[in-house]
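Peer 1: structure-v7.csv is the file, holding CSV, C-alpha atoms and all ligand atoms:
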chain,number,residue,atom,x,y,z
A,263,MET,CA,127.4,152.6,152.6
A,264,SER,CA,124.6,150.5,153.9
A,265,THR,CA,124.6,146.7,154.1
A,266,TYR,CA,121.5,144.7,153.0
A,267,ILE,CA,121.2,141.2,154.4
A,268,LEU,CA,118.6,138.7,153.5
A,269,GLY,CA,117.8,136.3,156.4
A,270,ILE,CA,116.3,132.8,155.9
A,271,GLU,CA,114.8,130.7,158.7
A,272,SER,CA,113.5,127.2,158.1
A,273,SER,CA,114.5,125.2,161.2
A,274,CYS,CA,111.1,123.9,162.2
A,275,ASP,CA,107.6,124.7,160.9
A,276,ASP,CA,107.8,128.4,160.0
A,277,THR,CA,109.3,129.5,156.7
A,278,SER,CA,110.6,133.1,157.1
A,279,ALA,CA,112.6,135.6,155.1
A,280,ALA,CA,113.6,139.1,156.3
A,281,VAL,CA,115.7,142.0,155.0
A,282,LEU,CA,117.8,144.2,157.2
A,283,LYS,CA,119.5,147.4,156.2
A,284,ASP,CA,122.4,147.3,158.6
A,285,THR,CA,120.5,146.7,161.9
A,286,TYR,CA,117.2,148.2,160.8
A,287,ILE,CA,114.4,145.9,159.8
A,288,LEU,CA,112.9,146.5,156.3
A,289,SER,CA,110.7,143.3,156.2
A,290,ASN,CA,110.0,140.1,158.1
A,291,ALA,CA,107.7,137.7,156.1
A,292,ILE,CA,106.5,134.4,157.7
A,293,ALA,CA,104.5,131.5,156.3
A,294,ASN,CA,103.2,129.4,159.1
A,295,GLN,CA,102.3,125.7,158.5
A,296,ASP,CA,98.9,124.9,159.8
A,297,ILE,CA,99.0,121.4,158.5
A,298,HIS,CA,100.7,120.2,161.7
A,299,LYS,CA,97.7,121.2,163.8
A,300,THR,CA,95.9,118.1,162.4
A,301,TYR,CA,98.6,115.8,163.9
A,302,GLY,CA,99.1,117.6,167.3
A,303,GLY,CA,102.8,118.3,166.6
A,304,VAL,CA,105.3,119.0,163.8
A,305,VAL,CA,105.6,116.2,161.2
A,306,PRO,CA,109.1,116.6,159.8
A,307,GLU,CA,108.4,115.2,156.3
A,308,LEU,CA,105.4,117.5,155.9
A,309,ALA,CA,107.4,120.5,157.3
A,310,SER,CA,110.2,120.1,154.7
A,311,ARG,CA,107.6,119.8,151.8
A,312,ALA,CA,105.8,122.9,153.0
A,313,HIS,CA,109.2,124.8,153.2
A,314,GLN,CA,109.8,123.9,149.6
A,315,GLN,CA,106.5,125.3,148.6
A,316,ASN,CA,106.8,128.5,150.7
A,317,ILE,CA,110.4,129.5,150.4
A,318,ILE,CA,110.4,131.3,147.0
A,319,PRO,CA,107.1,133.2,147.7
A,320,VAL,CA,108.2,134.2,151.2
A,321,VAL,CA,111.6,135.6,149.9
A,322,GLU,CA,109.7,137.5,147.1
A,323,VAL,CA,107.4,139.0,149.7
A,324,ALA,CA,110.4,140.0,152.0
A,325,LEU,CA,112.2,141.7,149.1
A,326,ARG,CA,109.0,143.4,147.9
A,327,LYS,CA,108.1,144.7,151.3
A,328,ALA,CA,111.7,145.9,151.8
A,329,LYS,CA,111.4,147.8,148.5
A,330,ILE,CA,114.8,146.5,147.3
A,331,THR,CA,115.8,144.3,144.4
A,332,LYS,CA,117.8,141.1,144.9
A,333,LYS,CA,120.8,142.8,143.2
A,334,GLN,CA,121.1,145.2,146.2
A,335,LEU,CA,121.7,142.3,148.6
A,336,ASN,CA,125.2,142.1,150.1
A,337,ALA,CA,124.9,138.6,151.7
A,338,ILE,CA,122.4,135.9,152.6
A,339,ALA,CA,122.3,134.6,156.2
A,340,PHE,CA,120.5,131.3,156.9
A,341,THR,CA,119.8,129.0,159.8
A,342,ARG,CA,122.3,126.1,159.7
A,343,GLY,CA,121.0,124.5,162.9
A,344,PRO,CA,119.8,123.2,165.3
A,345,GLY,CA,116.4,122.0,163.9
A,346,LEU,CA,114.8,119.4,161.7
A,347,LEU,CA,117.4,118.3,159.1
A,348,GLY,CA,114.9,118.1,156.2
A,349,SER,CA,113.6,121.6,157.0
A,350,LEU,CA,117.1,123.1,157.4
A,351,LEU,CA,118.1,121.6,154.1
A,352,VAL,CA,115.5,123.6,152.3
A,353,GLY,CA,116.7,126.9,153.7
A,354,THR,CA,120.4,126.0,153.4
A,355,SER,CA,120.1,124.9,149.7
A,356,PHE,CA,118.0,127.9,148.8
A,357,ALA,CA,120.5,130.3,150.4
A,358,LYS,CA,123.4,128.6,148.7
A,359,SER,CA,122.0,128.7,145.2
A,360,PHE,CA,120.4,132.2,145.5
A,361,ALA,CA,123.8,133.6,146.7
A,362,MET,CA,125.7,131.7,144.0
A,363,GLY,CA,123.4,133.2,141.4
A,364,LEU,CA,123.9,136.7,142.8
A,365,GLY,CA,127.6,136.2,143.4
A,366,ILE,CA,127.4,137.2,147.0
A,367,PRO,CA,128.6,135.5,150.2
A,368,ILE,CA,126.5,133.2,152.5
A,369,ILE,CA,126.6,133.4,156.3
A,370,GLU,CA,125.7,130.5,158.5
A,371,VAL,CA,123.7,131.3,161.7
A,372,ASP,CA,123.0,129.3,164.8
A,373,HIS,CA,119.3,129.5,165.5
A,374,LEU,CA,119.7,129.8,169.3
A,375,LYS,CA,122.3,132.6,169.1
A,376,ALA,CA,120.0,134.3,166.7
A,377,HIS,CA,117.1,134.3,169.2
A,378,ILE,CA,119.5,136.1,171.6
A,379,LEU,CA,120.6,138.6,169.0
A,380,SER,CA,117.0,139.5,168.2
A,381,HIS,CA,117.4,142.1,170.9
A,382,PHE,CA,119.6,144.1,168.4
A,383,ILE,CA,117.0,144.4,165.6
A,384,ASP,CA,116.2,148.1,165.2
A,385,ASP,CA,112.8,149.3,164.1
A,386,ASP,CA,110.9,152.6,164.5
A,387,ASP,CA,110.3,152.0,168.2
A,388,HIS,CA,114.0,152.4,169.1
A,389,ASN,CA,114.0,149.2,171.3
A,390,PRO,CA,116.8,149.5,173.9
A,391,HIS,CA,119.7,147.0,173.4
A,392,PRO,CA,121.2,145.1,176.3
A,393,GLN,CA,124.7,146.2,177.4
A,394,PHE,CA,127.4,143.5,177.2
A,395,PRO,CA,127.9,141.3,179.1
A,396,PHE,CA,124.3,140.3,179.7
A,397,ILE,CA,122.5,137.2,180.7
A,398,CYS,CA,119.9,135.7,178.4
A,399,LEU,CA,117.3,133.1,179.2
A,400,THR,CA,116.6,131.4,175.9
A,401,VAL,CA,113.3,129.5,176.1
A,402,SER,CA,112.1,127.8,173.0
A,403,GLY,CA,110.3,124.6,171.9
A,404,GLY,CA,113.5,122.6,171.8
A,405,HIS,CA,115.9,124.4,174.1
A,406,THR,CA,116.1,126.1,177.5
A,407,GLN,CA,119.4,127.7,178.3
A,408,ILE,CA,120.9,130.5,180.4
A,409,VAL,CA,123.6,132.2,178.3
A,410,LYS,CA,126.3,134.7,179.3
A,411,VAL,CA,126.6,137.0,176.3
A,412,ASN,CA,129.9,138.7,176.1
A,413,SER,CA,129.6,140.0,172.6
A,414,PRO,CA,127.5,139.1,169.5
A,415,ASN,CA,130.1,136.5,168.6
A,416,GLN,CA,131.1,135.3,172.0
A,417,MET,CA,128.5,133.5,174.2
A,418,LYS,CA,128.7,130.9,176.9
A,419,ILE,CA,126.0,128.5,178.0
A,420,ILE,CA,126.0,128.5,181.8
A,421,GLY,CA,122.9,126.5,182.4
A,422,SER,CA,120.6,124.3,180.3
A,423,THR,CA,117.8,121.7,180.6
A,424,ILE,CA,118.9,118.1,181.0
A,425,ASP,CA,115.7,116.8,179.4
A,426,ASP,CA,112.6,118.7,178.1
A,427,ALA,CA,112.6,122.3,177.1
A,428,ALA,CA,110.2,124.8,178.7
A,429,GLY,CA,108.3,125.0,175.4
A,430,GLU,CA,107.9,121.2,175.4
A,431,ALA,CA,106.6,121.4,179.0
A,432,PHE,CA,103.9,123.8,177.8
A,433,ASP,CA,103.2,121.8,174.6
A,434,LYS,CA,103.1,118.4,176.2
A,435,ALA,CA,100.9,119.5,179.1
A,436,ALA,CA,98.5,121.1,176.6
A,437,LYS,CA,98.4,117.9,174.6
A,438,ILE,CA,97.5,116.0,177.7
A,439,MET,CA,94.6,118.4,178.3
A,440,GLY,CA,93.5,118.0,174.6
A,441,LEU,CA,94.4,121.5,173.6
A,442,PRO,CA,95.5,122.3,170.0
A,443,TYR,CA,99.1,122.4,168.9
A,444,PRO,CA,101.2,124.5,169.7
A,445,GLY,CA,100.0,124.4,173.3
A,446,GLY,CA,102.1,127.2,174.7
A,447,PRO,CA,99.9,130.1,173.5
A,448,GLU,CA,96.7,128.1,174.4
A,449,ILE,CA,97.9,127.7,178.0
A,450,ASP,CA,98.9,131.3,178.1
A,451,LYS,CA,95.3,132.4,177.0
A,452,LEU,CA,93.6,130.1,179.5
A,453,ALA,CA,96.0,131.0,182.3
A,454,ARG,CA,94.7,134.6,182.2
A,455,ILE,CA,91.3,133.5,183.5
A,456,GLY,CA,92.5,130.8,185.9
A,457,HIS,CA,93.8,130.7,189.5
A,458,PRO,CA,97.6,130.1,189.6
A,459,ASP,CA,97.3,128.7,193.1
A,460,ALA,CA,94.5,126.3,192.4
A,461,PHE,CA,96.8,123.3,192.0
A,462,THR,CA,100.4,122.6,193.1
A,463,PHE,CA,102.9,120.8,191.0
A,464,PRO,CA,106.4,119.8,192.1
A,465,GLU,CA,109.5,121.9,191.2
A,466,PRO,CA,112.7,120.0,190.5
A,467,ASN,CA,115.7,120.3,192.7
A,468,MET,CA,118.5,120.7,190.2
A,469,GLN,CA,122.1,121.5,190.9
A,470,GLY,CA,123.7,124.6,189.6
A,471,LEU,CA,122.0,126.5,186.8
A,472,ASP,CA,120.5,123.5,185.1
A,473,TYR,CA,116.8,122.8,184.5
A,474,SER,CA,114.6,119.8,184.3
A,475,PHE,CA,111.0,119.7,183.0
A,476,SER,CA,110.3,116.1,182.5
A,477,GLY,CA,109.3,115.5,186.1
A,478,LEU,CA,106.7,118.3,185.9
A,479,LYS,CA,105.2,116.8,182.8
A,480,THR,CA,105.0,113.3,184.4
A,481,SER,CA,103.4,114.6,187.6
A,482,PHE,CA,100.9,116.7,185.6
A,483,LEU,CA,100.0,113.5,183.6
A,484,TYR,CA,99.6,111.4,186.8
A,485,PHE,CA,97.7,114.1,188.6
A,486,LEU,CA,95.1,114.3,185.7
A,487,ARG,CA,94.9,110.5,185.4
A,488,ASP,CA,93.9,110.2,189.1
A,489,ARG,CA,91.4,113.1,188.9
A,490,LEU,CA,89.8,111.8,185.8
A,491,LYS,CA,89.1,108.5,187.5
A,492,GLU,CA,86.9,110.5,189.9
A,493,ASP,CA,85.4,112.9,187.4
A,494,GLU,CA,85.7,112.4,183.6
A,495,GLN,CA,84.9,116.1,183.1
A,496,PHE,CA,87.8,117.2,185.4
A,497,ILE,CA,89.9,118.7,182.6
A,498,GLU,CA,87.0,120.4,181.0
A,499,LYS,CA,85.9,122.0,184.2
A,500,ASN,CA,89.3,123.0,185.4
A,501,LYS,CA,91.2,123.9,182.1
A,502,ALA,CA,91.8,127.5,183.1
A,503,ASP,CA,93.0,126.7,186.7
A,504,LEU,CA,95.2,123.9,185.4
A,505,SER,CA,96.8,126.2,182.8
A,506,ALA,CA,97.4,129.0,185.3
A,507,SER,CA,98.9,126.6,187.9
A,508,LEU,CA,101.1,124.9,185.4
A,509,GLN,CA,102.2,128.1,183.9
A,510,GLN,CA,103.1,129.5,187.3
A,511,THR,CA,105.1,126.5,188.1
A,512,ILE,CA,107.1,126.7,184.8
A,513,ILE,CA,107.7,130.4,185.4
A,514,ARG,CA,108.9,129.8,189.0
A,515,ILE,CA,111.3,127.1,187.8
A,516,LEU,CA,112.7,129.4,185.1
A,517,LEU,CA,113.1,132.4,187.3
A,518,LYS,CA,114.7,130.6,190.2
A,519,LYS,CA,117.7,129.7,188.1
A,520,LEU,CA,117.8,133.0,186.3
A,521,LYS,CA,118.0,134.8,189.6
A,522,LYS,CA,120.8,132.5,190.7
A,523,ALA,CA,122.7,133.2,187.4
A,524,ALA,CA,122.3,137.0,187.9
A,525,LYS,CA,123.5,136.7,191.5
A,526,GLU,CA,126.5,134.4,190.7
A,527,THR,CA,127.7,136.5,187.8
A,528,GLY,CA,126.9,139.9,189.4
A,529,ILE,CA,125.2,140.9,186.1
A,530,ASN,CA,121.9,142.8,186.2
A,531,GLU,CA,121.4,143.2,182.4
A,532,ILE,CA,118.9,140.4,181.9
A,533,ALA,CA,117.2,139.3,178.6
A,534,ILE,CA,114.7,136.6,177.6
A,535,ALA,CA,114.4,135.2,174.1
A,536,GLY,CA,112.7,132.4,172.2
A,537,GLY,CA,109.1,131.3,171.6
A,538,VAL,CA,108.2,131.0,175.3
A,539,SER,CA,109.4,134.6,175.9
A,540,ALA,CA,106.1,135.5,174.3
A,541,ASN,CA,104.3,134.1,177.4
A,542,SER,CA,102.4,136.9,179.1
A,543,GLY,CA,102.9,135.4,182.6
A,544,LEU,CA,106.7,135.2,182.1
A,545,ARG,CA,106.8,138.7,180.8
A,546,GLN,CA,104.9,140.0,183.8
A,547,ALA,CA,107.1,137.9,186.2
A,548,MET,CA,110.2,139.4,184.6
A,549,GLN,CA,108.9,143.0,185.2
A,550,LEU,CA,108.2,142.2,188.9
A,551,THR,CA,111.5,140.6,189.4
A,552,ALA,CA,113.3,143.5,187.7
A,553,GLU,CA,111.6,145.9,190.1
A,554,GLU,CA,112.4,143.7,193.1
A,555,LEU,CA,116.1,143.1,192.2
A,556,GLY,CA,117.0,146.2,190.2
A,557,TRP,CA,117.5,144.3,186.9
A,558,ASN,CA,117.5,146.1,183.6
A,559,ILE,CA,115.4,143.7,181.5
A,560,TYR,CA,115.0,143.2,177.8
A,561,ILE,CA,111.9,141.4,176.5
A,562,PRO,CA,111.6,141.0,172.7
A,563,LYS,CA,108.6,142.2,170.8
A,564,LEU,CA,106.2,139.3,170.1
A,565,GLN,CA,107.2,139.2,166.4
A,566,TYR,CA,110.9,138.7,167.4
A,567,SER,CA,110.1,136.1,170.2
A,568,THR,CA,108.9,133.3,168.1
A,569,ASP,CA,110.8,132.0,165.1
A,570,ASN,CA,111.5,134.7,162.5
A,571,ALA,CA,114.1,135.5,159.9
A,572,ALA,CA,114.9,139.0,161.1
A,573,MET,CA,116.8,137.4,164.0
A,574,ILE,CA,118.8,135.4,161.5
A,575,ALA,CA,119.6,138.5,159.4
A,576,ILE,CA,120.8,140.4,162.5
A,577,ALA,CA,123.0,137.5,163.6
A,578,GLY,CA,124.2,137.4,160.0
A,579,TYR,CA,124.9,141.1,160.0
A,580,PHE,CA,127.3,140.8,163.0
A,581,LYS,CA,129.2,138.0,161.2
A,582,TYR,CA,129.2,140.1,158.0
A,583,LEU,CA,131.1,142.9,159.9
A,584,ASN,CA,133.8,140.3,160.8
A,585,GLY,CA,133.9,138.9,157.3
A,586,ASP,CA,132.8,135.6,158.7
A,587,PHE,CA,131.4,133.9,155.6
A,588,ALA,CA,130.5,130.2,155.1
A,589,SER,CA,131.5,127.7,152.5
A,590,GLN,CA,129.2,126.5,149.8
A,591,ASN,CA,130.1,122.9,151.0
A,592,LEU,CA,128.6,123.1,154.4
A,593,THR,CA,125.7,121.0,155.6
A,594,PRO,CA,123.1,121.7,158.3
A,595,TYR,CA,123.3,120.3,161.8
A,596,SER,CA,120.3,119.0,163.8
A,597,LYS,CA,121.7,119.2,167.3
A,598,SER,CA,123.0,122.4,169.0
A,599,ARG,CA,126.7,122.9,168.5
A,600,PHE,CA,126.9,126.0,170.7
B,701,LIG,O1,111.4,129.7,169.4
B,701,LIG,P1,110.2,129.0,168.9
B,701,LIG,O2,109.2,129.8,168.1
B,701,LIG,O3,110.6,127.7,168.1
B,701,LIG,C1,111.7,127.0,168.5
B,701,LIG,O4,112.9,127.4,168.2
B,701,LIG,O5,111.4,125.9,169.1
B,701,LIG,O6,109.4,128.4,170.2
B,701,LIG,C2,108.3,127.6,170.0
B,701,LIG,C3,107.8,127.3,171.4
B,701,LIG,C4,106.6,126.3,171.4
B,701,LIG,O7,106.9,125.3,172.4
B,701,LIG,C5,105.4,127.2,171.8
B,701,LIG,O8,104.4,126.5,172.5
B,701,LIG,C6,106.1,128.2,172.7
B,701,LIG,O9,107.3,128.5,172.0
B,701,LIG,N1,105.3,129.4,172.8
B,701,LIG,C7,104.7,129.8,174.0
B,701,LIG,C8,104.0,131.0,173.7
B,701,LIG,N2,104.1,131.3,172.4
B,701,LIG,C9,104.9,130.3,171.9
B,701,LIG,N3,104.7,129.2,175.2
B,701,LIG,C10,104.1,129.8,176.2
B,701,LIG,N4,103.3,131.0,176.0
B,701,LIG,C11,103.3,131.6,174.8
B,701,LIG,N5,102.5,132.7,174.6
B,702,ZN,ZN,113.3,129.2,167.8
Would you mind writing the file's structure down as structure tokens?
Ligand code: KG4
Ligand code: ZN
Peer 2:
Amino acid sequence: MSTYILGIESSCDDTSAAVLKDTYILSNAIANQDIHKTYGGVVPELASRAHQQNIIPVVEVALRKAKITKKQLNAIAFTRGPGLLGSLLVGTSFAKSFAMGLGIPIIEVDHLKAHILSHFIDDDDHNPHPQFPFICLTVSGGHTQIVKVNSPNQMKIIGSTIDDAAGEAFDKAAKIMGLPYPGGPEIDKLARIGHPDAFTFPEPNMQGLDYSFSGLKTSFLYFLRDRLKEDEQFIEKNKADLSASLQQTIIRILLKKLKKAAKETGINEIAIAGGVSANSGLRQAMQLTAEELGWNIYIPKLQYSTDNAAMIAIAGYFKYLNGDFASQNLTPYSKSRF
């Protein structure tokens, strides 16, 4: 008999609900919150209010698109953390009450583990799954981690950023250039028409498999401050080259440690996940590195790279198989516990 899981994601500024039939995706509905563009970043209070408005319609759309009724659901999986507490509370409270009404179990999901498990969502394209153990570079707006994935339920962080995440480096640099929020996709677009070697920015010299991106942000800021003194149109004239050069530096930093992790562990099954894995330059660099080093690489489709509830449902499905259900008493967490 098939298992139907409803996934709910509300950790930041996207309200999403998805239905999976075992590992197969039936629907993945997302309501984005454009309101934050006005402020150049996510405003937590506005985000939680928008989640409250969006959650019921989004769940209705997900069920309708999946062509199932709520009575067919076997469990509800939701993001418990990390993320914005006010936002997480909306998804958590909704999941609890909806499940209680239906008399079905709830499953708590860690957002970062879910990004990694997005590689196991099946659709009509028969996306290949990584073989265990594999290495996953998770690059999102709040986190940058290298994870050794032994099984869906057993993962170990072997490297992470000590300050900013890769997504933050993109977003903060974009803000400095006056680009709209979120800056990552804007820099990606501009980088396609710019020269990656036009400007050079320093790469950190971190020990082991850890990352640091705050130095890059600061040097980018100081570089622009100095150039703007000579020419106030400097950013306007060089937007594309600045974007391409910055993006290349971020990708170099990311790949240097990923290559080190592959070498040290002897694993050549390599995946990327999280919002920044949507970056076209990173995707291309992964292809080139895979050819050079003989890696088998796994790059999520764009709709599974950025925040979505299908990844929450697949992570929930693996826990469902183990009977790993959550208590109605649990509360969300803002900081990563994994
Ligand atoms: O995983 P995600 O959707 O949300 C978090 O869990 O944080 O990641 C959002 C991050 C943002 O920093 C956004 O700028 C970045 O992913 N991002 C990109 C691209 N698309 C999204 N960064 C670079 N290039 C992109 N194409
Ligand atoms: Zn995310």
Peer 1: One decimal, Å: what's the distance from atom CA of A:His313 over to atom CA of A:Thr277, could you say?
Peer 2: 5.9 Å
Peer 1: Name all residues at most 6 Å from stretch 578-592 of chain A (count all atoms listed in the file; drop same-chain ones fewer than 3 positions away) and give them as a PyMOL selection string.
Peer 2: chain A and resi 339+368-370+574-575
Peer 1: Can I get the selection written as a CSV table (one decimal), in the coordinates of the input, with C-alpha atoms?
Peer 2:
chain,number,residue,atom,x,y,z
A,339,ALA,CA,122.3,134.6,156.2
A,368,ILE,CA,126.5,133.2,152.5
A,369,ILE,CA,126.6,133.4,156.3
A,370,GLU,CA,125.7,130.5,158.5
A,574,ILE,CA,118.8,135.4,161.5
A,575,ALA,CA,119.6,138.5,159.4
Peer 1: With the cut-off set at 6 Å and counting all atoms listed in the file, tabulate each residue of chain A with an atom at most that distance from an atom of ligand LIG 701 (chain B), showing the nearest atom pair and its distance in Å to one decimal, ordered by chain and increasing number, as CSV.
Peer 2:
residue,atom,partner,partner_atom,distance
A:Ser402,CA,B:LIG701,O6,3.9
A:Gly403,CA,B:LIG701,O5,3.3
A:Gly404,CA,B:LIG701,O5,4.8
A:Gly429,CA,B:LIG701,O7,3.3
A:Glu430,CA,B:LIG701,O7,5.2
A:Phe432,CA,B:LIG701,O8,6.0
A:Asp433,CA,B:LIG701,O8,5.3
A:Pro444,CA,B:LIG701,O8,4.7
A:Gly445,CA,B:LIG701,O8,4.9
A:Gly446,CA,B:LIG701,O8,3.3
A:Pro447,CA,B:LIG701,N5,3.8
A:Asp450,CA,B:LIG701,N4,4.9
A:Gly536,CA,B:LIG701,O1,4.1
A:Gly537,CA,B:LIG701,O6,3.2
A:Val538,CA,B:LIG701,C7,3.9
A:Ala540,CA,B:LIG701,N5,4.6
A:Asn541,CA,B:LIG701,N4,3.5
A:Thr568,CA,B:LIG701,O2,3.5
A:Asp569,CA,B:LIG701,O2,4.0
Peer 1: Check the smallest atom-to-atom distance from each of A:Leu325, A:Leu520, A:Ile383, A:Ala571 to ligand ZN 702 (chain B) using all atoms listed in the file, then report the winner.
Peer 2: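 Going through A:Leu325, A:Leu520, A:Ile383, A:Ala571 one by one, the smallest distance to ligand ZN 702 (chain B) is for A:Ala571.
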Peer 1: Hey, what's within 10 Å of A:Ile576 if we count only C-alpha atoms and toss same-chain stuff fewer than 4 positions away? As a VMD selection string, please?
Peer 2: chain A and resid 267 to 269 280 to 287 339 371 376 to 377 379 to 384 414 571 to 572 580 to 582
Peer 1: How many Å lie between atom CA of A:Ile532 and atom CA of A:Ile559, rounded to one decimal?
Peer 2: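 Value for the atom CA of A:Ile532-atom CA of A:Ile559 distance: 4.8 Å.
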Peer 1: Just want the 9 Å neighbourhood of A:Leu364, counted on all atoms listed in the file, with same-chain residues fewer than 5 positions away dropped. Output as number ranges by chain.
Peer 2: A: 332-333, 335, 359
Peer 1: A:Tyr484, A:Phe396, A:Tyr301, A:Tyr595: which is nearest A:Ala533, counting all atoms listed in the file?
Peer 2: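 Closest to A:Ala533, using all atoms listed in the file: A:Phe396.
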Peer 1: Which residues, written as a list of chain:residue names, have at least one atom at most 10 Å from stretch 553-555 of chain A, with all atoms listed in the file counted and residues fewer than 6 positions away on the same chain left out?
Peer 2: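 The filter keeps A:Lys521, A:Ala524, A:Lys525, A:Asn530, A:Ala547.
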Peer 1: Write out the residues from the selection above, keeping C-alpha atoms, as an mmCIF file, in the frame of the given file.
Peer 2:
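In the end it all went to part_14.cif:
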data_model
loop_
_atom_site.group_PDB
_atom_site.id
_atom_site.type_symbol
_atom_site.label_atom_id
_atom_site.label_comp_id
_atom_site.auth_asym_id
_atom_site.auth_seq_id
_atom_site.Cartn_x
_atom_site.Cartn_y
_atom_site.Cartn_z
ATOM 1 C CA LYS A 521 118.000 134.800 189.600
ATOM 2 C CA ALA A 524 122.300 137.000 187.900
ATOM 3 C CA LYS A 525 123.500 136.700 191.500
ATOM 4 C CA ASN A 530 121.900 142.800 186.200
ATOM 5 C CA ALA A 547 107.100 137.900 186.200
#
Peer 1: Using all atoms listed in the file, can you tell me which of A:Met573, A:Ala328, A:Ala506, A:Val304 comes closest to ligand ZN 702 (chain B)?
Peer 2: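 Of the candidates, the smallest distance to ligand ZN 702 (chain B) is held by A:Met573.
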Peer 1: Suppose you want the space between atom CA of A:Leu516 and atom CA of A:Ile561; what is it in Å?
Peer 2: 14.8 Å
Peer 1: Could you check the closest approach to A:Ile419 for each of A:Ser505, A:Ser598, A:Asn316, A:Asn500 and tell me which residue wins, using only C-alpha atoms?
Peer 2: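 Among the listed residues, the smallest separation from A:Ile419 belongs to A:Ser598.
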Peer 1: Find, counting only C-alpha atoms, the residue in A:Thr400, A:Thr265, A:Thr331, A:Asn336 that gets nearest to A:Leu374.
Peer 2: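 The answer is A:Thr400, which sits nearest to A:Leu374.
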